file work_23.cif (mmCIF, C-alpha atoms (C1' of nucleotides))
data_query
loop_
_atom_site.label_atom_id
_atom_site.label_comp_id
_atom_site.auth_asym_id
_atom_site.auth_seq_id
_atom_site.Cartn_x
_atom_site.Cartn_y
_atom_site.Cartn_z
CA MET A 1257 -133.06 224.08 127.82
CA ARG A 1258 -131.38 226.20 130.43
CA GLY A 1259 -129.60 226.10 133.74
CA ARG A 1260 -129.99 223.06 135.93
CA ASP A 1261 -131.69 221.05 133.20
CA THR A 1262 -128.66 221.21 130.96
CA ARG A 1263 -126.31 220.10 133.68
CA ALA A 1264 -128.59 217.27 134.78
CA GLU A 1265 -129.05 216.14 131.21
CA LEU A 1266 -125.29 215.92 130.76
CA VAL A 1267 -124.84 213.93 133.95
CA GLN A 1268 -127.68 211.58 133.12
CA THR A 1269 -126.50 210.94 129.57
CA MET A 1270 -122.91 210.49 130.70
CA ALA A 1271 -123.99 208.00 133.35
CA GLY A 1272 -125.75 205.95 130.71
CA LEU A 1273 -122.75 206.00 128.40
CA LEU A 1274 -120.34 205.11 131.19
CA ARG A 1275 -122.50 202.15 132.04
CA ALA A 1276 -122.71 200.98 128.46
CA GLN A 1277 -119.11 201.43 127.34
CA GLY A 1278 -116.91 202.98 130.00
CA TYR A 1279 -115.00 206.23 130.12
CA THR A 1280 -112.39 206.14 127.36
CA ALA A 1281 -114.81 204.85 124.77
CA THR A 1282 -117.18 207.76 125.44
CA GLY A 1283 -116.19 210.63 123.21
CA ARG A 1284 -117.15 214.23 123.71
CA ALA A 1285 -119.03 214.25 120.42
CA GLN A 1286 -121.18 211.31 121.46
CA LEU A 1287 -122.04 212.86 124.80
CA LEU A 1288 -123.08 216.09 123.11
CA ALA A 1289 -125.10 214.34 120.43
CA GLU A 1290 -127.04 212.10 122.80
CA SER A 1291 -127.68 214.78 125.38
CA GLY A 1292 -128.55 217.49 122.85
CA VAL A 1293 -126.29 219.93 124.64
CA SER A 1294 -123.85 222.19 122.86
CA ASN A 1295 -120.11 222.19 123.34
CA GLY A 1296 -120.07 225.61 124.96
CA SER A 1297 -122.58 224.56 127.61
CA LEU A 1298 -120.51 221.53 128.48
CA TYR A 1299 -117.48 223.59 129.41
CA HIS A 1300 -119.57 226.18 131.15
CA HIS A 1301 -121.07 223.64 133.57
CA PHE A 1302 -117.97 221.44 133.76
CA PRO A 1303 -114.78 223.48 133.41
CA GLY A 1304 -112.85 220.30 134.11
CA GLY A 1305 -114.07 218.80 130.85
CA MET A 1306 -114.98 215.22 130.20
CA GLU A 1307 -113.24 213.88 133.28
CA GLU A 1308 -115.30 216.10 135.56
CA VAL A 1309 -118.59 215.07 133.94
CA ALA A 1310 -117.57 211.45 134.32
CA GLU A 1311 -116.72 212.01 137.97
CA VAL A 1312 -120.10 213.53 138.76
CA ALA A 1313 -121.97 210.95 136.67
CA LEU A 1314 -120.19 208.07 138.36
CA GLU A 1315 -120.99 209.53 141.75
CA ALA A 1316 -124.65 209.83 140.77
CA SER A 1317 -124.75 206.23 139.55
CA GLY A 1318 -123.19 205.13 142.82
CA CYS A 1319 -125.89 206.87 144.83
CA PHE A 1320 -128.61 205.45 142.63
CA VAL A 1321 -127.38 201.90 143.18
CA ALA A 1322 -126.90 202.56 146.89
CA ASP A 1323 -130.52 203.66 147.19
CA ALA A 1324 -131.78 200.56 145.42
CA LEU A 1325 -129.56 198.31 147.52
CA ARG A 1326 -130.59 199.99 150.75
CA GLU A 1327 -134.24 199.63 149.88
CA ALA A 1328 -133.84 195.97 148.97
CA LEU A 1329 -131.98 195.22 152.20
CA ASP A 1330 -134.47 197.10 154.35
CA GLY A 1331 -137.47 195.32 152.90
CA ALA A 1332 -136.13 191.82 153.39
CA PRO A 1333 -136.08 189.47 156.40
CA ASN A 1334 -132.28 189.17 156.31
CA ALA A 1335 -129.21 190.21 154.35
CA GLY A 1336 -129.27 187.18 152.09
CA ALA A 1337 -132.85 187.80 151.06
CA GLY A 1338 -132.02 191.47 150.59
CA VAL A 1339 -129.16 190.74 148.20
CA ALA A 1340 -131.41 188.28 146.36
CA ARG A 1341 -134.06 190.95 146.10
CA PHE A 1342 -131.53 193.40 144.74
CA LEU A 1343 -130.52 190.94 142.06
CA ASP A 1344 -134.19 190.54 141.15
CA ILE A 1345 -134.50 194.28 140.72
CA ALA A 1346 -131.36 194.32 138.58
CA GLN A 1347 -132.85 191.62 136.40
CA GLU A 1348 -136.14 193.44 135.94
CA ALA A 1349 -134.31 196.65 135.12
CA ALA A 1350 -132.20 194.77 132.61
CA ILE A 1351 -135.27 193.49 130.81
CA ASP A 1352 -136.92 196.91 130.80
CA GLU A 1353 -133.92 198.97 129.71
CA GLN A 1354 -132.28 196.39 127.45
CA CYS A 1355 -129.09 197.09 129.37
CA VAL A 1356 -127.47 194.84 131.93
CA GLY A 1357 -124.67 195.42 134.32
CA CYS A 1358 -123.21 197.61 137.00
CA PRO A 1359 -123.05 201.28 135.94
CA VAL A 1360 -119.73 201.76 137.70
CA ALA A 1361 -117.77 198.62 136.81
CA PRO A 1362 -116.75 199.40 133.22
CA THR A 1363 -115.28 202.74 134.18
CA ALA A 1364 -113.84 201.34 137.39
CA LEU A 1365 -111.82 198.67 135.61
CA GLU A 1366 -110.05 201.01 133.24
CA SER A 1367 -109.68 203.85 135.75
CA PRO A 1368 -106.60 202.80 137.74
CA ILE A 1369 -104.28 203.76 134.88
CA ILE A 1370 -106.50 206.22 133.00
CA SER A 1371 -107.67 208.48 135.79
CA PRO A 1372 -106.85 208.28 139.50
CA ARG A 1373 -109.80 210.52 140.29
CA LEU A 1374 -112.31 208.24 138.62
CA ARG A 1375 -110.73 205.28 140.36
CA ALA A 1376 -111.23 207.00 143.70
CA VAL A 1377 -114.89 207.69 142.97
CA ALA A 1378 -115.47 204.10 141.90
CA ALA A 1379 -113.72 202.77 144.99
CA ARG A 1380 -115.94 204.95 147.18
CA CYS A 1381 -119.03 203.51 145.47
CA PHE A 1382 -117.97 199.94 146.15
CA ASP A 1383 -117.02 200.77 149.74
CA GLN A 1384 -120.41 202.34 150.32
CA TRP A 1385 -122.29 199.35 148.92
CA GLU A 1386 -120.22 196.93 150.96
CA ALA A 1387 -120.90 198.98 154.07
CA LEU A 1388 -124.64 198.78 153.43
CA ILE A 1389 -124.49 194.99 153.29
CA ALA A 1390 -122.25 194.83 156.34
CA ALA A 1391 -124.67 196.98 158.32
CA ARG A 1392 -127.52 194.64 157.48
CA LEU A 1393 -125.46 191.62 158.50
CA ARG A 1394 -124.69 193.29 161.82
CA ALA A 1395 -128.39 193.86 162.34
CA ASP A 1396 -128.94 190.16 161.59
CA GLY A 1397 -126.63 189.29 164.47
CA TRP A 1398 -123.51 188.36 162.55
CA PRO A 1399 -120.33 188.52 164.64
CA GLU A 1400 -118.32 191.68 164.17
CA ASP A 1401 -115.20 189.99 162.80
CA SER A 1402 -117.09 188.24 160.02
CA LEU A 1403 -118.88 191.28 158.67
CA SER A 1404 -116.37 192.56 156.15
CA THR A 1405 -115.58 189.08 154.86
CA ALA A 1406 -119.20 188.22 154.21
CA ALA A 1407 -120.12 191.64 152.85
CA SER A 1408 -117.14 191.71 150.51
CA ALA A 1409 -117.97 188.25 149.19
CA ALA A 1410 -121.62 189.18 148.68
CA LEU A 1411 -120.67 192.30 146.74
CA ALA A 1412 -118.18 190.32 144.68
CA LEU A 1413 -120.95 187.87 143.87
CA ILE A 1414 -123.21 190.69 142.71
CA GLU A 1415 -120.57 192.41 140.61
CA GLY A 1416 -119.34 189.18 139.09
CA ALA A 1417 -122.84 188.05 138.19
CA LEU A 1418 -123.63 191.38 136.54
CA LEU A 1419 -120.40 191.14 134.58
CA LEU A 1420 -121.11 187.60 133.38
CA ALA A 1421 -124.69 188.47 132.54
CA ARG A 1422 -123.66 191.42 130.43
CA VAL A 1423 -120.92 189.70 128.49
CA SER A 1424 -122.79 186.46 127.88
CA GLY A 1425 -126.18 188.07 127.47
CA GLN A 1426 -127.63 185.42 129.79
CA LEU A 1427 -129.61 186.82 132.67
CA SER A 1428 -129.56 183.39 134.29
CA HIS A 1429 -126.23 184.30 135.89
CA LEU A 1430 -128.17 186.68 138.11
CA ALA A 1431 -130.47 183.90 139.28
CA HIS A 1432 -127.47 181.67 140.03
CA ALA A 1433 -125.83 184.41 142.09
CA LYS A 1434 -129.12 184.97 143.88
CA HIS A 1435 -129.19 181.33 144.91
CA ALA A 1436 -125.59 181.50 146.09
CA ALA A 1437 -126.23 184.67 148.08
CA LEU A 1438 -129.14 183.04 149.89
CA THR A 1439 -126.92 180.09 150.80
CA LEU A 1440 -123.95 182.19 151.79
CA LEU A 1441 -125.80 184.73 153.91
CA ALA A 1442 -128.56 182.51 155.23
CA ALA A 1443 -127.37 182.36 158.81
CA PRO A 1444 -124.49 183.75 160.86
CA PRO A 1445 -121.55 181.37 161.23
CA ALA A 1446 -121.03 179.52 164.51
CA GLN A 1447 -120.41 182.19 167.14
CA ASP A 1448 -116.84 182.45 168.26
CA ASP A 1449 -117.61 184.14 171.59
CA SER A 1450 -114.43 184.79 173.52
CA MET B 646 -86.61 190.68 115.65
CA ARG B 647 -88.25 188.80 112.82
CA GLY B 648 -91.17 186.53 112.00
CA ARG B 649 -92.89 184.77 114.85
CA ASP B 650 -91.11 186.80 117.53
CA THR B 651 -92.65 190.03 116.30
CA ARG B 652 -96.12 188.59 116.23
CA ALA B 653 -95.78 187.02 119.67
CA GLU B 654 -94.39 190.24 121.11
CA LEU B 655 -97.40 192.15 119.81
CA VAL B 656 -99.85 189.65 121.28
CA GLN B 657 -98.06 189.56 124.62
CA THR B 658 -97.86 193.35 124.91
CA MET B 659 -101.46 193.78 123.82
CA ALA B 660 -102.61 191.24 126.39
CA GLY B 661 -100.87 193.21 129.12
CA LEU B 662 -102.40 196.49 127.97
CA LEU B 663 -105.88 194.99 127.66
CA ARG B 664 -105.58 193.73 131.20
CA ALA B 665 -104.42 197.05 132.54
CA GLN B 666 -106.76 199.43 130.73
CA GLY B 667 -109.04 197.66 128.29
CA TYR B 668 -109.40 197.94 124.54
CA THR B 669 -110.47 201.48 123.71
CA ALA B 670 -107.92 203.05 126.01
CA THR B 671 -105.11 201.18 124.30
CA GLY B 672 -103.87 203.26 121.38
CA ARG B 673 -101.90 202.00 118.45
CA ALA B 674 -98.99 204.24 119.38
CA GLN B 675 -98.80 202.78 122.88
CA LEU B 676 -98.83 199.23 121.62
CA LEU B 677 -96.04 199.96 119.16
CA ALA B 678 -93.95 201.83 121.73
CA GLU B 679 -94.21 199.18 124.44
CA SER B 680 -93.67 196.25 122.11
CA GLY B 681 -90.88 197.87 120.13
CA VAL B 682 -92.53 196.86 116.89
CA SER B 683 -92.91 199.17 113.92
CA ASN B 684 -96.19 200.20 112.38
CA GLY B 685 -95.53 198.32 109.16
CA SER B 686 -94.97 195.05 110.98
CA LEU B 687 -98.23 195.44 112.88
CA TYR B 688 -100.32 195.55 109.73
CA HIS B 689 -98.31 192.81 108.10
CA HIS B 690 -99.03 190.33 110.89
CA PHE B 691 -102.51 191.65 111.65
CA PRO B 692 -104.21 192.97 108.52
CA GLY B 693 -107.32 193.46 110.62
CA GLY B 694 -105.58 196.15 112.64
CA MET B 695 -105.96 196.81 116.33
CA GLU B 696 -109.16 194.83 116.68
CA GLU B 697 -107.52 191.68 115.36
CA VAL B 698 -104.54 191.99 117.71
CA ALA B 699 -106.94 192.45 120.59
CA GLU B 700 -108.92 189.41 119.55
CA VAL B 701 -105.86 187.17 119.48
CA ALA B 702 -104.48 188.65 122.70
CA LEU B 703 -107.76 188.15 124.52
CA GLU B 704 -107.90 184.57 123.33
CA ALA B 705 -104.37 184.00 124.61
CA SER B 706 -105.20 185.50 128.00
CA GLY B 707 -108.24 183.28 128.20
CA CYS B 708 -106.17 180.17 127.60
CA PHE B 709 -103.58 181.29 130.13
CA VAL B 710 -106.22 181.70 132.82
CA ALA B 711 -107.87 178.43 131.84
CA ASP B 712 -104.57 176.60 132.28
CA ALA B 713 -104.03 178.10 135.72
CA LEU B 714 -107.59 177.32 136.76
CA ARG B 715 -107.39 173.75 135.48
CA GLU B 716 -104.16 173.18 137.35
CA ALA B 717 -105.58 174.63 140.57
CA LEU B 718 -108.72 172.50 140.33
CA ASP B 719 -106.81 169.32 139.51
CA GLY B 720 -104.43 169.67 142.43
CA ALA B 721 -107.13 170.21 145.07
CA PRO B 722 -109.30 167.78 147.03
CA ASN B 723 -112.53 169.37 145.75
CA ALA B 724 -113.84 172.23 143.66
CA GLY B 725 -114.06 174.67 146.57
CA ALA B 726 -110.45 174.10 147.51
CA GLY B 727 -109.51 174.41 143.85
CA VAL B 728 -111.16 177.80 143.48
CA ALA B 729 -109.53 178.89 146.73
CA ARG B 730 -106.19 177.76 145.38
CA PHE B 731 -106.76 179.69 142.17
CA LEU B 732 -107.46 182.85 144.17
CA ASP B 733 -104.22 182.28 146.07
CA ILE B 734 -102.34 182.07 142.81
CA ALA B 735 -104.02 185.25 141.60
CA GLN B 736 -102.99 187.00 144.80
CA GLU B 737 -99.37 185.90 144.50
CA ALA B 738 -99.28 186.96 140.88
CA ALA B 739 -100.74 190.32 141.87
CA ILE B 740 -97.97 190.90 144.38
CA ASP B 741 -95.27 189.86 141.92
CA GLU B 742 -96.46 191.77 138.89
CA GLN B 743 -97.94 194.78 140.67
CA CYS B 744 -101.06 194.19 138.64
CA VAL B 745 -104.34 192.78 139.90
CA GLY B 746 -107.39 191.62 138.11
CA CYS B 747 -108.81 189.49 135.37
CA PRO B 748 -107.08 190.07 132.01
CA VAL B 749 -110.35 189.72 130.13
CA ALA B 750 -112.83 191.66 132.25
CA PRO B 751 -111.90 195.26 131.32
CA THR B 752 -112.20 194.55 127.61
CA ALA B 753 -115.24 192.35 128.14
CA LEU B 754 -117.23 195.10 129.85
CA GLU B 755 -116.80 197.67 127.11
CA SER B 756 -117.02 195.17 124.26
CA PRO B 757 -120.79 194.70 123.83
CA ILE B 758 -121.16 198.08 122.16
CA ILE B 759 -117.60 198.65 120.94
CA SER B 760 -116.89 195.37 119.20
CA PRO B 761 -119.14 192.33 118.85
CA ARG B 762 -116.18 190.16 117.95
CA LEU B 763 -114.31 190.99 121.15
CA ARG B 764 -117.48 190.37 123.11
CA ALA B 765 -117.76 186.93 121.57
CA VAL B 766 -114.17 186.07 122.47
CA ALA B 767 -114.66 187.26 126.03
CA ALA B 768 -117.87 185.30 126.36
CA ARG B 769 -116.09 182.17 125.18
CA CYS B 770 -113.41 182.70 127.83
CA PHE B 771 -115.96 182.92 130.62
CA ASP B 772 -117.85 179.91 129.30
CA GLN B 773 -114.69 177.87 129.21
CA TRP B 774 -113.76 178.77 132.78
CA GLU B 775 -117.24 178.03 134.04
CA ALA B 776 -117.15 174.67 132.27
CA LEU B 777 -113.88 173.81 134.03
CA ILE B 778 -115.43 174.46 137.42
CA ALA B 779 -118.59 172.58 136.50
CA ALA B 780 -116.55 169.56 135.42
CA ARG B 781 -114.79 169.50 138.76
CA LEU B 782 -118.08 169.75 140.62
CA ARG B 783 -119.39 166.82 138.62
CA ALA B 784 -116.33 164.82 139.60
CA ASP B 785 -117.03 165.74 143.22
CA GLY B 786 -120.44 164.14 142.92
CA TRP B 787 -122.61 167.21 142.61
CA PRO B 788 -126.03 166.54 141.06
CA GLU B 789 -126.24 167.38 137.38
CA ASP B 790 -128.92 170.05 137.73
CA SER B 791 -126.92 172.06 140.25
CA LEU B 792 -123.71 172.23 138.25
CA SER B 793 -124.24 175.33 136.21
CA THR B 794 -125.74 177.25 139.10
CA ALA B 795 -122.82 176.52 141.40
CA ALA B 796 -120.16 176.99 138.72
CA SER B 797 -121.65 180.28 137.57
CA ALA B 798 -121.78 181.58 141.13
CA ALA B 799 -118.20 180.51 141.79
CA LEU B 800 -116.98 182.26 138.66
CA ALA B 801 -118.96 185.36 139.57
CA LEU B 802 -117.31 185.30 142.97
CA ILE B 803 -113.86 185.13 141.39
CA GLU B 804 -114.52 187.87 138.85
CA GLY B 805 -116.16 190.13 141.39
CA ALA B 806 -113.36 189.72 143.88
CA LEU B 807 -110.73 190.50 141.25
CA LEU B 808 -112.69 193.59 140.25
CA LEU B 809 -113.01 194.84 143.82
CA ALA B 810 -109.36 194.09 144.53
CA ARG B 811 -108.19 196.06 141.53
CA VAL B 812 -110.34 199.11 142.10
CA SER B 813 -109.82 199.33 145.85
CA GLY B 814 -106.20 198.19 145.80
CA GLN B 815 -107.03 195.82 148.67
CA LEU B 816 -106.01 192.24 148.05
CA SER B 817 -108.06 191.21 151.06
CA HIS B 818 -111.09 190.95 148.80
CA LEU B 819 -109.47 187.88 147.29
CA ALA B 820 -109.16 186.26 150.70
CA HIS B 821 -112.79 187.03 151.47
CA ALA B 822 -113.90 185.44 148.21
CA LYS B 823 -111.71 182.45 148.95
CA HIS B 824 -113.49 181.93 152.25
CA ALA B 825 -116.88 182.24 150.56
CA ALA B 826 -115.91 179.79 147.83
CA LEU B 827 -114.90 177.21 150.40
CA THR B 828 -118.25 177.62 152.14
CA LEU B 829 -120.28 177.62 148.95
CA LEU B 830 -118.61 174.65 147.29
CA ALA B 831 -117.76 172.63 150.37
CA ALA B 832 -120.26 169.85 149.82
CA PRO B 833 -122.93 168.95 147.29
CA PRO B 834 -126.45 170.05 148.24
CA ALA B 835 -128.92 167.50 149.48
CA GLN B 836 -129.49 165.05 146.63
CA ASP B 837 -132.74 165.46 144.82
CA ASP B 838 -132.81 161.96 143.35
CA SER B 839 -135.88 161.38 141.30
"C1'" DC C 327 -73.50 186.36 92.75
"C1'" DG C 328 -78.34 187.65 91.72
"C1'" DC C 329 -83.05 186.86 92.24
"C1'" DT C 330 -87.24 186.35 95.04
"C1'" DG C 331 -90.31 186.95 98.77
"C1'" DC C 332 -91.04 187.83 103.68
"C1'" DC C 333 -90.68 191.37 106.78
"C1'" DT C 334 -89.61 196.03 108.58
"C1'" DG C 335 -89.25 201.18 109.05
"C1'" DG C 336 -91.39 205.34 108.54
"C1'" DA C 337 -93.69 209.16 105.97
"C1'" DG C 338 -98.04 210.78 105.37
"C1'" DC C 339 -103.34 210.45 104.92
"C1'" DG C 340 -108.12 212.02 106.41
"C1'" DA C 341 -110.84 211.84 110.48
"C1'" DT C 342 -111.61 212.65 115.04
"C1'" DC C 343 -110.02 213.78 119.64
"C1'" DG C 344 -110.65 217.17 123.81
"C1'" DC C 345 -110.65 221.85 124.29
"C1'" DT C 346 -110.52 227.28 123.84
"C1'" DC C 347 -112.59 231.33 122.52
"C1'" DT C 348 -115.90 234.67 121.06
"C1'" DA C 349 -120.26 236.38 119.52
"C1'" DG C 350 -124.81 236.28 120.69
"C1'" DT C 351 -129.26 235.28 123.39
"C1'" DA C 352 -132.33 235.01 127.35
"C1'" DG C 353 -133.53 236.33 132.01
"C1'" DT C 354 -132.96 239.32 136.01
"C1'" DT C 355 -132.04 243.58 138.37
"C1'" DT C 356 -132.38 248.41 139.05
"C1'" DA D 592 -135.04 250.93 129.34
"C1'" DA D 593 -130.33 250.09 130.32
"C1'" DA D 594 -126.98 247.25 132.51
"C1'" DC D 595 -125.64 243.00 133.99
"C1'" DT D 596 -125.23 238.10 134.61
"C1'" DA D 597 -126.02 233.31 133.14
"C1'" DC D 598 -125.99 230.52 129.62
"C1'" DT D 599 -125.66 228.77 124.73
"C1'" DA D 600 -124.13 228.00 119.84
"C1'" DG D 601 -120.56 227.02 116.99
"C1'" DA D 602 -116.11 228.01 114.51
"C1'" DG D 603 -111.64 226.65 114.86
"C1'" DC D 604 -107.13 224.96 117.26
"C1'" DG D 605 -103.19 221.57 117.73
"C1'" DA D 606 -102.67 216.83 118.81
"C1'" DT D 607 -103.56 212.29 118.14
"C1'" DC D 608 -106.30 208.59 116.21
"C1'" DG D 609 -106.14 204.12 113.14
"C1'" DC D 610 -104.54 203.14 108.85
"C1'" DT D 611 -102.35 202.95 103.86
"C1'" DC D 612 -98.55 202.80 101.17
"C1'" DC D 613 -93.95 202.23 99.54
"C1'" DA D 614 -88.91 201.90 99.67
"C1'" DG D 615 -85.41 199.16 101.64
"C1'" DG D 616 -83.16 195.28 104.34
"C1'" DC D 617 -82.36 190.59 104.88
"C1'" DA D 618 -82.95 185.63 104.62
"C1'" DG D 619 -83.02 181.38 101.43
"C1'" DC D 620 -82.26 179.35 97.01
"C1'" DG D 621 -80.56 178.97 92.10
#
call {"tool": "encode", "arguments": {"input": "work_23.cif", "output": "structure tokens"}}
result
Amino acid sequence: MRGRDTRAELVQTMAGLLRAQGYTATGRAQLLAESGVSNGSLYHHFPGGMEEVAEVALEASGCFVADALREALDGAPNAGAGVARFLDIAQEAAIDEQCVGCPVAPTALESPIISPRLRAVAARCFDQWEALIAARLRADGWPEDSLSTAASAALALIEGALLLARVSGQLSHLAHAKHAALTLLAAPPAQDDS
Amino acid sequence: MRGRDTRAELVQTMAGLLRAQGYTATGRAQLLAESGVSNGSLYHHFPGGMEEVAEVALEASGCFVADALREALDGAPNAGAGVARFLDIAQEAAIDEQCVGCPVAPTALESPIISPRLRAVAARCFDQWEALIAARLRADGWPEDSLSTAASAALALIEGALLLARVSGQLSHLAHAKHAALTLLAAPPAQDDS
DNA sequence: CGCTGCCTGGAGCGATCGCTCTAGTAGTTT
DNA sequence: AAACTACTAGAGCGATCGCTCCAGGCAGCG
């Protein structure tokens, strides 16, 4: 294995570990063992060490989720249906991969004290996702001053449901959130045209 | 400091650290330094070591949140207003203590792989909170078969909002969730009386 | 007072942490 | 073929990890 492959393998493996157990719990030895990369290669591709790998991996996970979310929103009649569709995809993926939950959340929650840089990356991910939902709401005709409120709540619903599903092991939380999202984002609120 | 005080101090300090950075990131040295307890005392009161302290601390945090949630729900006209009130309390506490977020979530997210016992405690916390909301919905006259769906979604909304607020540093996420909770739990759905 | 048992303080253990450094290999260039 | 660059393998570093163990202090009771 040489060049780009090695780097990509590290990022991919790190992303999986971050999703499963977060940043601090992921030791260098585990990353090397699961990726099959040697210690020297790690520090060649990522002079910044573990933190740099985590940064890149988190960024990659953020983009991956953003793509899935964008696709779900685009292929649905409205934002509510799009969020519901996204939750369906998350559920299917959970069954396939035996792994539930947001790939960013575990790292995000411990990051504020552990690593400001990781916190910043995680915050950017969430902002991006919220912006995607807000854009779809705007396209649905939602009034401008209600966009961020509704989008933030929808994202909170998604993240919370993924959290509950992971900890409890019950995927039904995703279905419940799906139902709530459909209710919450079904139609724009009464227009407050000034 | 002797006896009960030492034990309580350990639990209290551990609860704070778990909230701020989760389980794996909390080292034994940090716990001892911040609590002012010596290493010998730790293993006298908690023969099970760090994991046992974390277990007890997580349990304590769960009860603390449950009390606050119960109080908020009891003192409100309906479940939606109760959840909104709880989010207000969380926001005030965040401003006072300079610390946002659920005290259980960070540990909960890393627990499934790290420690099955911590996962179980966290799951019990979430179950308990969801049950509190469900009980209030029942008292509001919600149909029995919609209770768990609505309560699960409400809890997801709370947890998600606390997560977003912590990572972004923007307390406004709590206000957005509050608005959504009021909408979502305002009135029981159309009765499906069979 | 002296004895007993709970509790504390701290030295020290092996294991593991993230990381540095160097020797060596593979691929490209000239 | 020689020189050069890109990359890899792995030994080894100091620091820190969670934990064990024991000597000593400090009640409460005779």
call {"tool": "interface_residues", "arguments": {"input": "work_23.cif", "of": "chain B", "to": "chain D", "cutoff": "10 Å", "atoms": "only C-alpha atoms (C1' of nucleotides)", "output": "PyMOL selection string"}}
result
chain B and resi 672-674+684-685+688+694-695
call {"tool": "resolve_selection", "arguments": {"input": "work_23.cif", "expression": "the PyMOL selection byres ((chain B) within 6 of (chain A))", "output": "PyMOL selection string"}}
result
chain B and resi 666+669-670+751+754-755+768+794+798+801-802+804-806+812-813+821-822
call {"tool": "atom_distance", "arguments": {"input": "work_23.cif", "atom1": "atom C1' of C:DT354", "atom2": "atom CA of A:Val1309"}}
result
28.3 Å
call {"tool": "atom_distance", "arguments": {"input": "work_23.cif", "atom1": "atom CA of A:Ala1328", "atom2": "atom CA of A:Phe1342"}}
result
5.5 Å
call {"tool": "closest_atom_pairs", "arguments": {"input": "work_23.cif", "of": "chain B", "to": "chain C", "cutoff": "12 Å", "atoms": "only C-alpha atoms (C1' of nucleotides)", "output": "CSV"}}
result
residue,atom,partner,partner_atom,distance
B:Met646,CA,C:DT334,C1',9.4
B:Arg647,CA,C:DC333,C1',7.0
B:Gly648,CA,C:DC333,C1',7.1
B:Arg649,CA,C:DC333,C1',10.7
B:Asp650,CA,C:DC333,C1',11.7
B:Thr651,CA,C:DC333,C1',9.8
B:Arg652,CA,C:DC333,C1',11.3
B:Gly681,CA,C:DG335,C1',11.7
B:Val682,CA,C:DT334,C1',8.8
B:Ser683,CA,C:DG335,C1',6.4
B:Asn684,CA,C:DG335,C1',7.8
B:Gly685,CA,C:DT334,C1',6.4
B:Ser686,CA,C:DT334,C1',6.0
B:Leu687,CA,C:DT334,C1',9.7
B:Tyr688,CA,C:DT334,C1',10.8
B:His689,CA,C:DC333,C1',7.9
B:His690,CA,C:DC333,C1',9.4
call {"tool": "residues_around", "arguments": {"input": "work_23.cif", "residues": "A:Ile1345", "least_positions_apart": "6", "cutoff": "10 Å", "atoms": "all atoms listed in the file", "output": "number ranges by chain"}}
result
A: 1324-1325, 1328, 1339, 1351
call {"tool": "resolve_selection", "arguments": {"input": "work_23.cif", "expression": "the PyMOL selection byres ((chain A and resi 1270) around 8)", "output": "short mmCIF file (atom, residue, chain, number, x, y, z; two decimals) with C-alpha atoms, in the coordinates of the input"}}
result
data_model
loop_
_atom_site.label_atom_id
_atom_site.label_comp_id
_atom_site.auth_asym_id
_atom_site.auth_seq_id
_atom_site.Cartn_x
_atom_site.Cartn_y
_atom_site.Cartn_z
CA LEU A 1266 -125.29 215.92 130.76
CA VAL A 1267 -124.84 213.93 133.95
CA GLN A 1268 -127.68 211.58 133.12
CA THR A 1269 -126.50 210.94 129.57
CA ALA A 1271 -123.99 208.00 133.35
CA GLY A 1272 -125.75 205.95 130.71
CA LEU A 1273 -122.75 206.00 128.40
CA LEU A 1274 -120.34 205.11 131.19
CA LEU A 1287 -122.04 212.86 124.80
CA VAL A 1309 -118.59 215.07 133.94
CA ALA A 1310 -117.57 211.45 134.32
CA ALA A 1313 -121.97 210.95 136.67
#
call {"tool": "resolve_selection", "arguments": {"input": "work_23.cif", "expression": "the PyMOL selection byres ((chain A and resi 1401) around 12)", "output": "PyMOL selection string"}}
result
(chain A and resi 1390+1393-1394+1397-1400+1402-1407+1444-1445+1447-1450) or (chain B and resi 821)
call {"tool": "atom_distance", "arguments": {"input": "work_23.cif", "atom1": "atom CA of B:Arg730", "atom2": "atom CA of B:Val745"}}
result
16.1 Å
call {"tool": "axis_aligned_box", "arguments": {"input": "work_23.cif", "around": "stretch 1418-1437 of chain A", "padding_each_side": "6 Å", "output": "AutoDock Vina command-line options"}}
result
--center_x -125.4 --center_y 186.4 --center_z 137.8 --size_x 22.1 --size_y 22.1 --size_z 32.6
call {"tool": "build_atoms", "arguments": {"input": "work_23.cif", "residues": "stretch 1440-1445 of chain A", "atoms": "N, CA and C atoms", "output": "PDB file, in the coordinates of the input"}}
result
ATOM      1  N   LEU A1440    -125.122 181.641 151.103  1.00  0.00           N
ATOM      2  CA  LEU A1440    -123.950 182.190 151.790  1.00  0.00           C
ATOM      3  C   LEU A1440    -124.322 183.057 152.987  1.00  0.00           C
ATOM      4  N   LEU A1441    -125.434 183.780 152.858  1.00  0.00           N
ATOM      5  CA  LEU A1441    -125.800 184.730 153.910  1.00  0.00           C
ATOM      6  C   LEU A1441    -127.017 184.274 154.699  1.00  0.00           C
ATOM      7  N   ALA A1442    -127.350 183.004 154.588  1.00  0.00           N
ATOM      8  CA  ALA A1442    -128.560 182.510 155.230  1.00  0.00           C
ATOM      9  C   ALA A1442    -128.515 182.716 156.742  1.00  0.00           C
ATOM     10  N   ALA A1443    -127.446 182.261 157.356  1.00  0.00           N
ATOM     11  CA  ALA A1443    -127.370 182.360 158.810  1.00  0.00           C
ATOM     12  C   ALA A1443    -125.954 182.717 159.225  1.00  0.00           C
ATOM     13  N   PRO A1444    -125.827 183.421 160.359  1.00  0.00           N
ATOM     14  CA  PRO A1444    -124.490 183.750 160.860  1.00  0.00           C
ATOM     15  C   PRO A1444    -123.703 182.471 161.113  1.00  0.00           C
ATOM     16  N   PRO A1445    -122.376 182.538 160.940  1.00  0.00           N
ATOM     17  CA  PRO A1445    -121.550 181.370 161.230  1.00  0.00           C
ATOM     18  C   PRO A1445    -121.560 181.076 162.723  1.00  0.00           C
TER      19      PRO A1445
END
